[in-house]
Amino acid sequence: MPATVVVGTQWGDEGKGKLTDLLARDMDMVVRYQGGHNAGHRIVVDGEAFALQLVPSGVLYPHITPVIGNGVVVDPAVLLAELDALSAKGIDVSRLIVSGNAHLIMPYHQELDRLTERFLGKNALGTTKRGIGPAYADKSSRVGLRVQDLLDAKIFRQKLDVVLQEKNLILTKIYNRPAISATTIAEKYLEQYAPRLAPMISDTVAVVHDALERGERLLLEGAQATFLDLDHGTYPFVTSSNPVAGGACTGSGLGPRDLTDIVGIAKAYVTRVGAGPFPTEVDGDMGELLVERGHEFGTNTGRRRRVGWFDAVMARQAARLNSLTEIALTKLDVLDTLDEIKVCVAYEANGVRYDYPPYHQSVLHDVTPVYEVLPGWLTDITGSTEYQQLPAAAKEYVKFLEKTTGVTISVVGVGPGREQFVRPS
């Protein structure tokens with residue numbers, strides 16, 4: 001059976017958690033393939049909100065096997081706290097499987113993340129300071145500790161001693177901070193975390209391939225989004241991994257031919273957190289309206305998101321990069337009160353029109369969006385249960401986005417609840 005990938009097409013916070021939860025009802029396994037606890041997925045079930053950070057969204061269904069793949073970086077304290085919180089709400093978390101090849105976030109990663117951001121000052125990248133980037137950097141430098149190392153205390157201590165020689169020199173000599181104790185870390189990770197995590201650790205490459213061979217249906221879930229991708233995003237204002245659909249293969253162990261459906265998630269407008277270019281950004285009263293109506297604050301961090309009009313230039317590039325087979329449009333209801341709605345259909349810079357983002361950062365930072373203006377519908381659509389119930393102007397907006405992005409819109413979100421979506425016929 002094929003695997004389906006869910007990927008954000010903007011700068012994150014598009015509603016991947018809700019869509020994953022929606023699709024998971026027809027799946028057997030949900031696999032998280034990259035990122036860490038710097039991304040939060042918020043799902044509302046029967047009026048109760050669940051904020052997920054590391055645990056795959058499908059955990060809310062009792063028939064789903066949730067898997068944390070090798071491409072994820074794991075903070076054991078955060079993972080265990082999240083599992084405890086879910087258990088307290090009656091969710092069975094015993095089905096979770098964690099890749100032994102996933103990398104661990106260590107205390108020195110978090111400390112270096114905070115110090116580096118402070119050192120950069122006005123040039124700070126706007127990270128969540130949770131150690132994600134430094135953990136991936138150690139992975140690339142081949143000095144990272146992996147989840148499987150928790151199962152061998154001798155190996156764990158050997159690797160930790162080696163890496164702390166460098167980290168403590170940086171902390172003490174460059175940042176004038178106290179050295180970090182290897183003994184303290186080892187006691188916490190080996191005595192507190194390892195016994196609880198050990199039953200969950202497995203060879204997830206074998207797990208996902210065995211599931212496919214049994215004819216099971218897999219859903220692959222990423223964090224962040226296309227334009228936060230380390231290679232294809234608005235570098236350096238990006239994350240430290242590859243959220244694009246190609247990253248689903250490296251982060252799970254599946255091969256490209258195993259992927260058949262790639263669902264892009266897009267808000268009916270655009271948001272981003274932190275620094276970086278944002279051609280369609282709006283501020284003032286309109287910006288405040290979108291923030292207020294869309295509740296645009298980070299699930300984990302509480303940071304206010306920047307907001308802007310839908311950017312079809314970005315969406316077209318996302319379709320290219322991910323080979324999108326369809327788009328799920330979220331938060332259409334946030335636009336309910338607007339008289340008119342803008343859609344960016346192209347960029348202009350130095351007399352040149354761009355239908356796709358210019359590759360050079362200096363040009364991208366200087367582009368002027370070319371807008372088409374569509375009429376609003378001035379109607380509350382949150383009670384809609386069928387696509388035909390949407391106002392004509394709302395349906396025209398959806399059709400226009402389909403036309404300008406070149407990708408079919410298969411799902412439209414009309415509210416935050418689990419069941420608040422409609423499907424265009």
# chains A, B, ... in the order shown; residues from 1 in each chain; ligands from 1

call {"tool": "select_by_dssp", "arguments": {"residues": "segment 73-109 of chain A", "states": "helix (DSSP H, G or I)", "output": "ChimeraX atom specification"}}
result
/A:76-88,107-109

call {"tool": "residues_around", "arguments": {"residues": "segment 177-184 of chain A", "least_positions_apart": "5", "cutoff": "8 Å", "atoms": "only C-alpha atoms", "output": "mmCIF file with N, CA and C atoms, in the first residue's frame"}}
result
data_model
loop_
_atom_site.group_PDB
_atom_site.id
_atom_site.type_symbol
_atom_site.label_atom_id
_atom_site.label_comp_id
_atom_site.auth_asym_id
_atom_site.auth_seq_id
_atom_site.Cartn_x
_atom_site.Cartn_y
_atom_site.Cartn_z
ATOM 1 N N TYR A 108 23.321 20.775 26.631
ATOM 2 C CA TYR A 108 24.256 21.726 26.029
ATOM 3 C C TYR A 108 23.722 22.262 24.705
ATOM 4 N N ARG A 157 28.118 7.114 27.867
ATOM 5 C CA ARG A 157 29.108 7.895 28.615
ATOM 6 C C ARG A 157 30.327 8.199 27.745
ATOM 7 N N LEU A 160 29.316 10.940 25.307
ATOM 8 C CA LEU A 160 29.065 12.185 26.040
ATOM 9 C C LEU A 160 30.381 12.834 26.467
ATOM 10 N N ASP A 161 31.308 12.048 26.972
ATOM 11 C CA ASP A 161 32.603 12.600 27.401
ATOM 12 C C ASP A 161 33.338 13.251 26.236
ATOM 13 N N LEU A 164 31.484 16.592 25.175
ATOM 14 C CA LEU A 164 31.550 17.654 26.181
ATOM 15 C C LEU A 164 32.917 18.313 26.244
ATOM 16 N N ASN A 168 32.174 22.171 26.368
ATOM 17 C CA ASN A 168 32.551 22.916 27.573
ATOM 18 C C ASN A 168 33.628 23.952 27.285
ATOM 19 N N LEU A 169 34.497 23.698 26.317
ATOM 20 C CA LEU A 169 35.458 24.726 25.909
ATOM 21 C C LEU A 169 34.729 25.934 25.327
ATOM 22 N N LEU A 171 31.572 26.808 25.908
ATOM 23 C CA LEU A 171 30.788 27.458 26.960
ATOM 24 C C LEU A 171 31.674 28.293 27.885
ATOM 25 N N THR A 172 32.817 27.754 28.291
ATOM 26 C CA THR A 172 33.649 28.446 29.281
ATOM 27 C C THR A 172 34.558 29.504 28.668
#

call {"tool": "closest_residue", "arguments": {"among": "A:Ala88, A:Ala223, A:Leu23, A:Ile185", "to": "Val72 of chain A", "atoms": "only C-alpha atoms"}}
result
A:Ala223

call {"tool": "residues_around", "arguments": {"residues": "Ala225 of chain A", "least_positions_apart": "5", "cutoff": "9 Å", "atoms": "only C-alpha atoms", "output": "PyMOL selection string"}}
result
chain A and resi 7-14+233+239+242-244+265

call {"tool": "residues_around", "arguments": {"residues": "Pro358 of chain A", "least_positions_apart": "4", "cutoff": "9 Å", "atoms": "only C-alpha atoms", "output": "VMD selection string"}}
result
chain A and resid 347 354 363 to 364 367

call {"tool": "write_last_selection", "arguments": {"atoms": "N, CA and C atoms", "output": "JSON list (two decimals), in the first residue's frame"}}
result
[["chain", "number", "residue", "atom", "x", "y", "z"],
["A", 347, "TYR", "N", 5.29, 38.48, -8.28],
["A", 347, "TYR", "CA", 6.15, 39.49, -7.69],
["A", 347, "TYR", "C", 6.70, 40.36, -8.81],
["A", 354, "TYR", "N", 7.94, 38.03, -11.58],
["A", 354, "TYR", "CA", 8.29, 36.69, -11.14],
["A", 354, "TYR", "C", 7.02, 35.91, -10.81],
["A", 363, "VAL", "N", 17.04, 39.97, -4.13],
["A", 363, "VAL", "CA", 15.86, 40.27, -4.95],
["A", 363, "VAL", "C", 14.59, 39.96, -4.17],
["A", 364, "LEU", "N", 14.56, 38.79, -3.50],
["A", 364, "LEU", "CA", 13.37, 38.41, -2.76],
["A", 364, "LEU", "C", 13.01, 39.43, -1.69],
["A", 367, "VAL", "N", 11.07, 42.47, -3.45],
["A", 367, "VAL", "CA", 9.96, 42.34, -4.38],
["A", 367, "VAL", "C", 8.72, 43.09, -3.91]]

call {"tool": "closest_residue", "arguments": {"among": "A:Pro76, A:Leu220, A:Asp355, A:Gln110", "to": "Thr250 of chain A", "atoms": "only C-alpha atoms"}}
result
A:Leu220

call {"tool": "closest_residue", "arguments": {"among": "A:Ala349, A:Asp336, A:Pro357, A:Asp149", "to": "Thr234 of chain A", "atoms": "only C-alpha atoms"}}
result
A:Pro357

call {"tool": "atom_distance", "arguments": {"atom1": "atom CA of Pro277 of chain A", "atom2": "atom CA of Phe237 of chain A"}}
result
8.4 Å

call {"tool": "closest_residue", "arguments": {"among": "A:Gln148, A:Gln165, A:Gln420, A:Thr260", "to": "Val6 of chain A", "atoms": "only C-alpha atoms"}}
result
A:Thr260

call {"tool": "closest_residue", "arguments": {"among": "A:Ala319, A:Tyr371, A:Gly69, A:Lys129", "to": "Ile341 of chain A", "atoms": "only C-alpha atoms"}}
result
A:Tyr371

call {"tool": "closest_residue", "arguments": {"among": "A:His37, A:Arg320, A:Lys159, A:Arg146", "to": "Ile262 of chain A", "atoms": "only C-alpha atoms"}}
result
A:Arg320

call {"tool": "select_by_dssp", "arguments": {"residues": "segment 186-369 of chain A", "states": "strand (DSSP E or B)", "output": "PyMOL selection string"}}
result
chain A and resi 201-202+218-221+259-267+270-272+281-282+297+304+306-308+310-311+326-330+340-349+352-354+368-369

call {"tool": "atom_distance", "arguments": {"atom1": "atom CA of Asp21 of chain A", "atom2": "atom CA of Ser57 of chain A"}}
result
5.7 Å

call {"tool": "residues_around", "arguments": {"residues": "Val307 of chain A", "least_positions_apart": "6", "cutoff": "10 Å", "atoms": "only C-alpha atoms", "output": "PyMOL selection string"}}
result
chain A and resi 269-273+278+280-283+286-291+294+296

call {"tool": "atom_distance", "arguments": {"atom1": "atom CA of Thr385 of chain A", "atom2": "atom CA of Lys89 of chain A"}}
result
28.2 Å

call {"tool": "residues_around", "arguments": {"residues": "Gly413 of chain A", "least_positions_apart": "4", "cutoff": "6 Å", "atoms": "only C-alpha atoms", "output": "JSON, numbers by chain"}}
result
{"A": [330, 331, 421]}

call {"tool": "closest_atom_pairs", "arguments": {"of": "segment 296-337 of chain A", "to": "segment 395-403 of chain A", "cutoff": "9 Å", "atoms": "only C-alpha atoms", "output": "CSV"}}
result
residue,atom,partner,partner_atom,distance
A:Phe310,CA,A:Leu401,CA,8.7
A:Ala312,CA,A:Leu401,CA,7.4
A:Ile327,CA,A:Glu402,CA,8.6
A:Leu329,CA,A:Val398,CA,8.3
A:Leu332,CA,A:Val398,CA,9.0
